[in-house]
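Have a look at work-v6.txt below; it lists compact mmCIF, C-alpha atoms.
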# COMPACT_ATOMS: atom_id res chain seq x y z
CA MET A 1 144.38 116.01 83.13
CA THR A 2 144.17 112.79 81.22
CA ILE A 3 147.25 110.67 80.95
CA LYS A 4 147.20 108.28 78.06
CA LEU A 5 150.04 105.94 77.21
CA PHE A 6 149.68 103.37 74.47
CA LEU A 7 151.09 100.21 75.94
CA SER A 8 150.97 96.83 74.26
CA GLN A 9 150.59 93.34 75.74
CA THR A 10 152.38 91.78 72.80
CA ASP A 11 155.38 94.06 73.17
CA THR A 12 158.03 91.82 74.73
CA ARG A 13 159.86 94.70 76.39
CA PRO A 14 159.40 95.12 80.12
CA MET A 15 156.69 97.60 81.07
CA TYR A 16 159.10 100.27 82.34
CA LEU A 17 160.83 100.36 78.95
CA GLN A 18 157.50 100.78 77.20
CA ILE A 19 156.62 103.65 79.51
CA MET A 20 159.99 105.27 78.85
CA ALA A 21 159.50 104.93 75.09
CA GLN A 22 156.05 106.51 75.29
CA ILE A 23 157.31 109.46 77.32
CA ARG A 24 160.21 110.00 74.89
CA GLN A 25 157.68 109.86 72.07
CA LYS A 26 155.64 112.65 73.68
CA VAL A 27 158.78 114.76 73.95
CA MET A 28 159.80 114.04 70.37
CA VAL A 29 156.50 115.17 68.89
CA GLY A 30 156.47 118.22 71.14
CA ASP A 31 153.41 117.36 73.24
CA TRP A 32 155.52 117.53 76.38
CA LYS A 33 157.86 120.51 76.09
CA ALA A 34 160.85 121.60 78.18
CA GLY A 35 159.77 122.33 81.75
CA TYR A 36 156.49 120.41 81.41
CA GLN A 37 155.58 118.81 84.70
CA LEU A 38 155.08 115.07 84.44
CA PRO A 39 152.26 113.38 86.31
CA SER A 40 153.41 112.24 89.74
CA ILE A 41 154.58 108.65 89.95
CA ARG A 42 151.37 107.63 91.69
CA GLU A 43 149.14 109.47 89.20
CA MET A 44 150.95 107.80 86.34
CA ALA A 45 150.80 104.36 87.94
CA ALA A 46 147.07 104.74 88.57
CA ALA A 47 146.34 106.02 85.05
CA VAL A 48 148.33 103.34 83.27
CA GLY A 49 147.39 100.52 85.64
CA VAL A 50 150.90 99.43 86.54
CA SER A 51 152.73 99.36 89.86
CA VAL A 52 154.33 102.41 91.42
CA ILE A 53 157.71 100.64 91.34
CA THR A 54 157.47 100.23 87.57
CA VAL A 55 156.78 103.92 86.97
CA LYS A 56 159.50 104.87 89.44
CA ARG A 57 161.96 102.75 87.50
CA ALA A 58 160.96 104.40 84.21
CA TYR A 59 161.32 107.91 85.70
CA LEU A 60 164.72 107.04 87.23
CA GLU A 61 166.06 105.73 83.94
CA LEU A 62 164.73 108.77 82.06
CA GLU A 63 166.44 110.97 84.61
CA ARG A 64 169.69 109.11 84.00
CA GLU A 65 169.26 109.78 80.27
CA ASN A 66 168.69 113.48 81.04
CA VAL A 67 165.25 113.44 79.46
CA ILE A 68 163.62 114.51 82.71
CA TYR A 69 164.78 115.95 86.00
CA THR A 70 163.27 115.61 89.43
CA GLN A 71 163.09 118.25 92.13
CA GLN A 72 162.62 116.90 95.61
CA GLY A 73 159.13 117.67 96.79
CA ARG A 74 158.05 119.37 93.56
CA GLY A 75 157.94 116.60 91.01
CA SER A 76 159.47 115.60 87.69
CA PHE A 77 159.84 117.84 84.65
CA ILE A 78 160.96 117.53 81.05
CA ALA A 79 164.59 118.64 80.78
CA GLU A 80 165.39 122.12 79.48
CA ALA A 81 168.06 120.85 77.08
CA ASP A 82 168.24 122.53 73.66
CA GLU A 83 166.83 120.46 70.91
CA LEU A 84 165.88 117.63 73.27
CA SER A 85 163.27 116.43 70.83
CA ASN A 86 165.84 116.13 68.03
CA GLN A 87 168.39 114.57 70.35
CA LEU A 88 165.87 111.88 71.20
CA ARG A 89 165.06 111.21 67.58
CA PHE A 90 168.75 110.75 66.83
CA ALA A 91 169.24 108.62 69.93
CA GLU A 92 166.43 106.40 68.70
CA LEU A 93 168.09 106.11 65.29
CA ASP A 94 171.48 105.36 66.85
CA GLU A 95 169.93 102.58 68.89
CA LYS A 96 168.61 100.98 65.71
CA ILE A 97 172.02 101.31 64.04
CA GLN A 98 173.56 99.61 67.08
CA GLN A 99 171.17 96.72 66.63
CA VAL A 100 172.22 96.38 62.99
CA LEU A 101 175.88 96.47 63.97
CA SER A 102 175.52 93.76 66.57
CA ALA A 103 173.61 91.60 64.08
CA ALA A 104 176.49 92.10 61.60
CA GLN A 105 178.99 91.16 64.29
CA GLN A 106 177.12 87.94 65.00
CA LEU A 107 177.48 87.05 61.34
CA GLY A 108 181.22 87.69 61.66
CA LEU A 109 181.28 90.65 59.26
CA SER A 110 184.22 93.05 59.42
CA SER A 111 183.56 96.79 59.73
CA ALA A 112 184.39 97.26 56.06
CA ASP A 113 181.99 94.51 55.01
CA THR A 114 179.28 95.97 57.22
CA LEU A 115 179.71 99.40 55.65
CA GLU A 116 179.70 97.81 52.22
CA ARG A 117 176.32 96.19 52.90
CA MET A 118 174.92 99.42 54.30
CA ASN A 119 175.97 101.21 51.13
CA VAL A 120 174.23 98.62 48.99
CA GLN A 121 171.01 99.20 50.93
CA LEU A 122 171.40 102.97 50.72
CA THR A 123 171.78 102.82 46.94
CA LEU A 124 168.71 100.60 46.75
CA ALA A 125 166.68 103.01 48.88
CA ASP A 126 167.79 105.94 46.71
CA LYS A 127 166.73 104.12 43.58
CA LEU A 128 163.30 103.38 45.08
CA LYS A 129 162.78 107.06 45.85
CA LYS A 130 163.36 108.08 42.22
CA MET B 1 128.24 69.20 55.36
CA ASN B 2 126.60 68.89 58.75
CA ASN B 3 128.25 65.58 59.57
CA GLU B 4 131.59 67.41 59.61
CA MET B 5 130.23 69.68 62.30
CA ALA B 6 130.26 68.54 65.91
CA ILE B 7 127.99 71.40 66.97
CA THR B 8 125.74 73.63 64.90
CA LEU B 9 123.48 76.29 66.37
CA THR B 10 121.17 78.07 63.95
CA ASN B 11 119.30 81.21 65.00
CA VAL B 12 118.96 80.04 68.58
CA SER B 13 117.16 82.40 70.93
CA LYS B 14 116.06 82.13 74.53
CA SER B 15 114.50 84.82 76.68
CA PHE B 16 114.41 85.22 80.41
CA LYS B 17 113.04 88.08 82.45
CA TYR B 18 116.36 89.89 82.78
CA PHE B 19 118.47 88.26 80.09
CA SER B 20 118.11 86.91 76.61
CA LEU B 21 120.21 85.01 74.12
CA ASN B 22 119.71 86.57 70.73
CA ASN B 23 119.91 84.67 67.50
CA ILE B 24 122.97 82.58 68.27
CA ASN B 25 124.74 81.02 65.28
CA LEU B 26 127.67 78.80 66.01
CA ALA B 27 129.48 76.06 64.11
CA LEU B 28 132.23 73.89 65.54
CA PRO B 29 133.93 71.52 63.08
CA THR B 30 134.80 68.01 64.23
CA GLY B 31 138.36 67.62 65.50
CA GLN B 32 138.77 71.19 66.67
CA ILE B 33 138.89 72.92 69.99
CA MET B 34 136.79 76.02 70.44
CA GLY B 35 137.27 78.58 73.17
CA PHE B 36 134.02 80.29 74.07
CA VAL B 37 134.90 83.61 75.62
CA GLY B 38 132.70 86.10 77.40
CA ALA B 39 132.46 88.22 80.51
CA ASN B 40 130.51 86.98 83.53
CA GLY B 41 126.83 86.86 82.61
CA ALA B 42 127.46 87.13 78.86
CA GLY B 43 125.49 83.97 78.10
CA LYS B 44 128.21 81.31 77.94
CA SER B 45 126.58 78.87 80.34
CA THR B 46 123.10 79.39 78.92
CA THR B 47 124.37 78.60 75.43
CA ILE B 48 126.16 75.52 76.75
CA ARG B 49 123.02 74.32 78.56
CA ILE B 50 121.08 74.61 75.32
CA ILE B 51 123.77 72.66 73.46
CA MET B 52 123.60 69.96 76.13
CA GLY B 53 119.82 69.75 75.96
CA LEU B 54 119.53 70.83 79.59
CA MET B 55 117.46 73.76 78.47
CA GLN B 56 115.12 74.18 75.54
CA ALA B 57 115.63 77.14 73.20
CA ASP B 58 112.58 79.31 72.46
CA SER B 59 113.43 79.17 68.78
CA GLY B 60 116.15 78.00 66.47
CA TYR B 61 117.81 74.70 65.74
CA VAL B 62 120.52 72.81 67.62
CA GLU B 63 122.44 69.92 66.14
CA VAL B 64 125.07 67.96 68.03
CA LEU B 65 127.16 65.18 66.46
CA GLY B 66 124.78 65.16 63.51
CA LYS B 67 121.58 64.75 65.57
CA SER B 68 119.10 67.31 66.75
CA MET B 69 119.11 68.38 70.35
CA PRO B 70 117.27 68.00 72.68
CA THR B 71 115.25 65.38 70.72
CA HIS B 72 118.08 62.82 70.75
CA GLN B 73 119.68 63.82 74.02
CA THR B 74 119.51 60.39 75.67
CA LEU B 75 121.35 58.72 72.82
CA LEU B 76 123.80 61.58 72.34
CA LYS B 77 124.90 61.73 75.95
CA GLN B 78 126.83 58.47 75.56
CA ASP B 79 129.15 60.39 73.26
CA ILE B 80 129.30 63.73 75.06
CA GLY B 81 131.30 64.57 78.13
CA PHE B 82 129.97 67.55 80.03
CA SER B 83 131.44 69.25 83.02
CA SER B 84 130.38 72.36 84.85
CA GLU B 85 130.92 73.88 88.25
CA GLU B 86 127.29 73.25 89.11
CA MET B 87 127.73 69.49 88.87
CA LYS B 88 128.25 68.04 92.31
CA LEU B 89 130.10 64.91 93.31
CA TYR B 90 129.30 62.92 96.47
CA GLY B 91 131.31 64.45 99.29
CA SER B 92 131.14 61.43 101.57
CA GLU B 93 132.54 59.08 98.89
CA ASN B 94 136.05 58.91 97.51
CA LEU B 95 137.28 59.18 93.93
CA ALA B 96 137.60 55.39 93.53
CA TRP B 97 133.89 55.07 94.29
CA HIS B 98 133.03 57.73 91.71
CA ILE B 99 135.16 56.02 89.08
CA GLY B 100 133.37 52.73 89.72
CA PHE B 101 130.01 54.46 89.46
CA ILE B 102 130.73 56.24 86.16
CA LYS B 103 132.32 53.08 84.75
CA SER B 104 129.11 51.15 85.42
CA ILE B 105 127.14 53.64 83.31
CA TYR B 106 129.60 54.23 80.47
CA PRO B 107 131.04 51.04 78.97
CA ASP B 108 133.63 53.04 77.02
CA TRP B 109 135.58 53.89 80.17
CA HIS B 110 139.37 53.78 79.59
CA ASP B 111 141.19 52.39 82.64
CA ALA B 112 144.71 53.07 81.36
CA TYR B 113 143.89 56.66 80.49
CA CYS B 114 142.24 57.07 83.88
CA GLN B 115 145.46 55.91 85.59
CA LYS B 116 147.46 58.38 83.52
CA LEU B 117 145.10 61.21 84.46
CA LEU B 118 145.24 60.31 88.16
CA LYS B 119 148.99 60.78 87.97
CA ALA B 120 148.89 63.90 85.78
CA PHE B 121 146.32 65.56 88.03
CA ASP B 122 147.97 64.27 91.21
CA LEU B 123 144.71 62.99 92.74
CA ASN B 124 144.19 60.58 95.63
CA LEU B 125 141.74 57.70 95.09
CA GLU B 126 140.99 57.06 98.78
CA GLN B 127 140.43 60.56 100.11
CA LYS B 128 136.81 61.63 100.54
CA LEU B 129 135.70 64.25 98.04
CA LYS B 130 134.58 66.67 100.73
CA GLN B 131 138.22 66.85 101.85
CA PHE B 132 139.37 67.83 98.36
CA SER B 133 140.56 71.38 97.74
CA LYS B 134 138.65 73.36 95.13
CA GLY B 135 141.31 72.62 92.53
CA GLN B 136 141.33 68.88 93.30
CA TYR B 137 137.55 68.82 93.10
CA ILE B 138 137.53 70.43 89.66
CA LYS B 139 140.25 68.07 88.48
CA ALA B 140 138.28 65.08 89.79
CA GLN B 141 135.21 66.24 87.84
CA LEU B 142 137.27 66.57 84.70
CA LEU B 143 138.91 63.18 85.17
CA LEU B 144 135.52 61.49 85.40
CA VAL B 145 134.55 63.07 82.07
CA LEU B 146 137.85 62.77 80.24
CA ALA B 147 138.47 59.09 81.01
CA ARG B 148 135.31 58.18 79.09
CA GLN B 149 137.01 59.59 76.00
CA PRO B 150 133.76 60.96 74.57
CA LYS B 151 133.67 62.24 70.99
CA LEU B 152 132.60 65.66 72.15
CA LEU B 153 133.65 67.44 75.31
CA VAL B 154 131.65 70.40 76.52
CA LEU B 155 133.36 72.05 79.44
CA ASP B 156 131.91 75.06 81.20
CA GLU B 157 134.77 77.06 82.71
CA PRO B 158 137.13 74.10 83.23
CA SER B 159 140.02 76.28 84.32
CA THR B 160 138.20 78.71 86.60
CA GLY B 161 139.33 78.47 90.20
CA LEU B 162 142.47 76.51 89.41
CA ASP B 163 145.91 77.65 90.48
CA PRO B 164 148.51 78.12 87.70
CA VAL B 165 150.00 74.64 88.18
CA ALA B 166 146.64 72.86 88.07
CA ARG B 167 145.54 75.01 85.16
CA GLN B 168 148.55 73.97 83.16
CA GLU B 169 147.87 70.28 83.94
CA VAL B 170 144.27 70.59 82.78
CA MET B 171 145.02 72.66 79.67
CA GLN B 172 147.77 70.24 78.70
CA GLU B 173 145.32 67.29 78.86
CA LEU B 174 142.74 69.19 76.79
CA ALA B 175 145.35 69.92 74.13
CA LEU B 176 146.38 66.23 74.05
CA ILE B 177 142.80 65.11 73.35
CA LEU B 178 143.08 66.66 69.91
CA LYS B 179 145.65 64.07 68.85
CA ASP B 180 142.59 62.04 67.95
CA GLU B 181 141.08 63.93 65.02
CA GLU B 182 137.57 62.60 65.61
CA ARG B 183 137.30 64.33 68.94
CA THR B 184 136.06 67.83 69.55
CA VAL B 185 136.17 70.21 72.51
CA LEU B 186 134.06 73.23 73.34
CA PHE B 187 135.14 75.03 76.46
CA SER B 188 134.05 78.32 77.90
CA SER B 189 136.35 80.61 79.78
CA HIS B 190 136.88 84.16 80.78
CA ASN B 191 140.60 83.47 80.89
CA THR B 192 141.78 84.64 77.50
CA SER B 193 145.33 83.36 77.85
CA ASP B 194 144.12 79.75 78.26
CA VAL B 195 141.96 80.16 75.20
CA GLU B 196 144.74 81.78 73.21
CA LYS B 197 147.08 78.87 73.90
CA ILE B 198 145.01 75.85 72.94
CA SER B 199 142.05 76.90 70.78
CA ASP B 200 141.64 76.48 67.03
CA GLN B 201 138.40 78.43 66.97
CA ILE B 202 137.44 81.34 69.15
CA THR B 203 133.96 82.75 69.71
CA PHE B 204 133.26 85.92 71.66
CA ILE B 205 129.89 86.37 73.31
CA ASP B 206 128.65 89.51 75.02
CA ARG B 207 125.25 90.46 76.42
CA GLY B 208 123.60 87.43 74.89
CA SER B 209 124.91 87.87 71.35
CA ILE B 210 127.83 86.38 69.48
CA ILE B 211 130.00 89.34 68.61
CA ASP B 212 132.73 87.56 66.70
CA SER B 213 133.74 84.03 65.76
CA ASN B 214 136.75 82.98 63.77
CA ASP B 215 139.78 80.72 63.79
CA LYS B 216 142.46 81.88 66.17
CA GLU B 217 145.09 82.64 63.56
CA SER B 218 142.72 84.99 61.72
CA PHE B 219 141.93 86.81 64.93
CA LEU B 220 145.56 87.34 65.80
CA GLU B 221 146.43 88.20 62.19
CA ASN B 222 143.61 90.67 61.48
CA TRP B 223 143.69 92.70 64.67
CA ARG B 224 146.47 95.26 65.05
CA LYS B 225 147.17 98.32 67.07
CA ILE B 226 148.89 100.99 65.02
CA GLN B 227 150.73 103.76 66.81
CA VAL B 228 150.96 106.96 64.84
CA GLU B 229 152.26 110.49 65.05
CA LEU B 230 149.87 113.09 63.67
CA PRO B 231 151.02 116.20 61.85
CA VAL B 232 150.75 119.43 63.89
CA ASP B 233 147.14 120.55 64.43
CA HIS B 234 145.79 117.64 62.52
CA LEU B 235 142.61 115.98 63.57
CA MET B 236 142.41 112.32 62.83
CA ILE B 237 140.33 111.63 59.74
CA PRO B 238 138.53 108.31 60.05
CA ILE B 239 140.26 105.51 58.20
CA ALA B 240 138.43 102.50 56.83
CA ASN B 241 138.37 99.27 58.89
CA THR B 242 139.30 100.90 62.16
CA ILE B 243 137.52 99.99 65.36
CA SER B 244 138.77 102.73 67.60
CA ILE B 245 141.13 105.65 67.68
CA GLU B 246 142.57 106.90 70.93
CA GLN B 247 144.35 110.18 70.69
CA GLU B 248 146.29 112.36 73.04
CA GLY B 249 148.18 115.31 71.67
CA ARG B 250 149.94 114.32 68.51
CA LEU B 251 150.14 110.63 69.39
CA ALA B 252 147.35 108.21 68.62
CA ALA B 253 146.67 104.49 68.61
CA ILE B 254 144.44 103.06 65.91
CA THR B 255 142.85 99.66 66.46
CA THR B 256 141.81 97.71 63.39
CA ASN B 257 140.09 94.34 62.98
CA GLN B 258 140.93 94.05 59.28
CA PHE B 259 144.56 94.90 59.03
CA SER B 260 146.07 95.32 55.58
CA PRO B 261 148.86 97.46 54.15
CA SER B 262 146.23 99.78 52.72
CA ILE B 263 145.69 101.17 56.23
CA ILE B 264 149.35 102.16 56.38
CA ASP B 265 148.99 103.74 52.93
CA ALA B 266 145.89 105.64 54.04
CA CYS B 267 147.87 107.01 57.01
CA GLN B 268 150.74 108.09 54.84
CA GLN B 269 148.39 109.86 52.46
CA GLN B 270 147.16 111.92 55.40
CA ASN B 271 150.76 112.66 56.32
CA ILE B 272 150.44 110.53 59.44
CA LYS B 273 153.67 108.90 60.50
CA VAL B 274 153.33 105.25 61.52
CA LEU B 275 155.49 104.59 64.59
CA ALA B 276 154.66 100.96 65.24
CA VAL B 277 152.28 98.23 64.18
CA ASP B 278 151.68 95.88 67.09
CA LEU B 279 149.99 92.50 67.19
CA MET B 280 147.35 92.25 69.91
CA SER B 281 146.88 89.62 72.57
CA LEU B 282 143.56 87.82 72.66
CA GLU B 283 142.69 89.76 75.81
CA GLU B 284 143.25 93.08 74.04
CA ILE B 285 141.23 91.87 71.06
CA PHE B 286 138.38 90.72 73.28
CA LEU B 287 138.24 94.00 75.21
CA ALA B 288 138.45 96.14 72.07
CA ASN B 289 135.73 94.01 70.48
CA VAL B 290 133.38 94.22 73.47
CA ASN B 291 133.87 97.97 73.88
CA TYR B 292 133.29 98.57 70.20
CA ARG B 293 130.02 96.57 70.13
CA ARG B 294 128.76 98.12 73.35
CA GLN B 295 129.42 101.61 72.00
CA GLY B 296 127.42 100.67 68.91
CA GLU B 297 124.52 99.54 71.10
CA ASN B 298 124.54 102.71 73.17
CA LYS B 299 124.40 105.00 70.14
Could you write out this structure as structure tokens?
Amino acid sequence: MTIKLFLSQTDTRPMYLQIMAQIRQKVMVGDWKAGYQLPSIREMAAAVGVSVITVKRAYLELERENVIYTQQGRGSFIAEADELSNQLRFAELDEKIQQVLSAAQQLGLSSADTLERMNVQLTLADKLKK
Amino acid sequence: MNNEMAITLTNVSKSFKYFSLNNINLALPTGQIMGFVGANGAGKSTTIRIIMGLMQADSGYVEVLGKSMPTHQTLLKQDIGFSSEEMKLYGSENLAWHIGFIKSIYPDWHDAYCQKLLKAFDLNLEQKLKQFSKGQYIKAQLLLVLARQPKLLVLDEPSTGLDPVARQEVMQELALILKDEERTVLFSSHNTSDVEKISDQITFIDRGSIIDSNDKESFLENWRKIQVELPVDHLMIPIANTISIEQEGRLAAITTNQFSPSIIDACQQQNIKVLAVDLMSLEEIFLANVNYRRQGENK
């Protein structure tokens, strides 16, 4: 089996986060479905050209997020959760919204003002669609 | 126009039994620093030897600082500083002796700058050269060239074999040279991160041919890696200006060397969702470039 992850040297995120994002991406598009067995940590490390520790970290964090589960001695699998792919898409969106909110906070905007600005952008986007 | 060029190579070729340089064209404007990047055995040193007049090209024309090479090499060498790993210093003498020797040949020697370099490179004047570490030896070679403040510096792999601290010291000095806009540097390297940091111009060479040459900003601006999500059961249709497409399942990465928004539009027309558009490091650009050209050759 070929394992291909698209990692970038100019991406400033640590490697384990990039690996996590790529695995989530595979789940989101349905390439890796519920119950799919992930490559072993060593296989993955060898294929991607990163250290075993890095892959281990990525798998551990994904396990914590309930994207994958690990069975001792058998390996890691994509979680059987309903609608995992959709959940991940929404989680990704929520993360972006969080970034917007923290940027608004840094500018000292109140919640009402933040919402107000969001609405302005929404109206703009709607207009562009038409 | 040629007097604005520190180095011009026009259709330069040179053949050996197992290797040949093919039709090299290269132009380095005065006041710029060019990184000359290639794998081991790509032809970097051969090209540099031809530029320095140490080797005669079979055909083509070489002009350095406005004069033809190797015809005017004796005169030109007053104004060129050349350093390469193959150049040997006298092991049984110390650095002070070497400085005195070079100073006697080149009247333009700058004592104050030499003192500054001795400090910056952390070199001992009294120690015999054969007791120098590899890094100290390379730094000593560079010092002897730099302190002459030649108009043109040609450095073959100046950073190879240096530890990160020494490499930073050397790269820093090379960058500082460009404060004087009359001075020009050509340096070869297989270390793309050094080149990425200090070069204005970058030239890639592979298997004896120049495969790309441009200013650094254009390189970094034009090359992108685009991550996309393909519609179900959709094979990737080739898109203009793409160098390579790697695909696994519904995810793919498109590499382009002429990025423009029209590529994104072309994706959207095919119902391909663009997930990310990433800049590429010089190393990624170099590798993608070499692989692309080699594939072309093998076809």
So that all listed atoms of stretch 191-209 of chain B fit with 6 Å spare on each side, what axis-aligned box centre and edge lengths in Å, to one decimal, would you give as JSON?
{"center_x": 135.3, "center_y": 83.2, "center_z": 73.9, "size_x": 35.5, "size_y": 26.6, "size_z": 25.9}
Worksheet item: Between B:Ile239, B:Leu142, B:Ile263, B:Leu220, which has the minimum distance to chain A (counting only C-alpha atoms)?
Response: B:Leu220
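With the cut-off set to 8 Å and all atoms listed in the file counted, chain A residues close to chain B are Lys4, Phe6, Ser8, Gln9, Thr10, Asp11, Lys26, Val29 and Asp31 of chain A.
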Which residues are near B:Gln115? Cut-off 12 Å, all atoms listed in the file, ignore same chain within fewer than 3 positions. Put them as a PDB file with C-alpha atoms, in the frame of the given file.
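Below is the file around_36.pdb, written as the result:
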ATOM      1  CA  ALA B  96     137.600  55.390  93.530  1.00  0.00           C
ATOM      2  CA  ILE B  99     135.160  56.020  89.080  1.00  0.00           C
ATOM      3  CA  TRP B 109     135.580  53.890  80.170  1.00  0.00           C
ATOM      4  CA  HIS B 110     139.370  53.780  79.590  1.00  0.00           C
ATOM      5  CA  ASP B 111     141.190  52.390  82.640  1.00  0.00           C
ATOM      6  CA  ALA B 112     144.710  53.070  81.360  1.00  0.00           C
ATOM      7  CA  LEU B 118     145.240  60.310  88.160  1.00  0.00           C
ATOM      8  CA  LYS B 119     148.990  60.780  87.970  1.00  0.00           C
ATOM      9  CA  ALA B 120     148.890  63.900  85.780  1.00  0.00           C
ATOM     10  CA  PHE B 121     146.320  65.560  88.030  1.00  0.00           C
ATOM     11  CA  ASP B 122     147.970  64.270  91.210  1.00  0.00           C
ATOM     12  CA  LEU B 123     144.710  62.990  92.740  1.00  0.00           C
ATOM     13  CA  ASN B 124     144.190  60.580  95.630  1.00  0.00           C
ATOM     14  CA  LEU B 125     141.740  57.700  95.090  1.00  0.00           C
ATOM     15  CA  LEU B 143     138.910  63.180  85.170  1.00  0.00           C
ATOM     16  CA  LEU B 144     135.520  61.490  85.400  1.00  0.00           C
ATOM     17  CA  LEU B 146     137.850  62.770  80.240  1.00  0.00           C
ATOM     18  CA  ALA B 147     138.470  59.090  81.010  1.00  0.00           C
TER      19      ALA B 147
END
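The interatomic distance for the pair atom CA of A:Leu101 and atom CA of A:Met118 works out to 10.2 Å.
Of the residues listed (A:Ala45, A:Leu107, A:Val27, A:Leu5), A:Val27 shows the shortest atom-to-atom separation from A:Asn86; distances use all atoms listed in the file.
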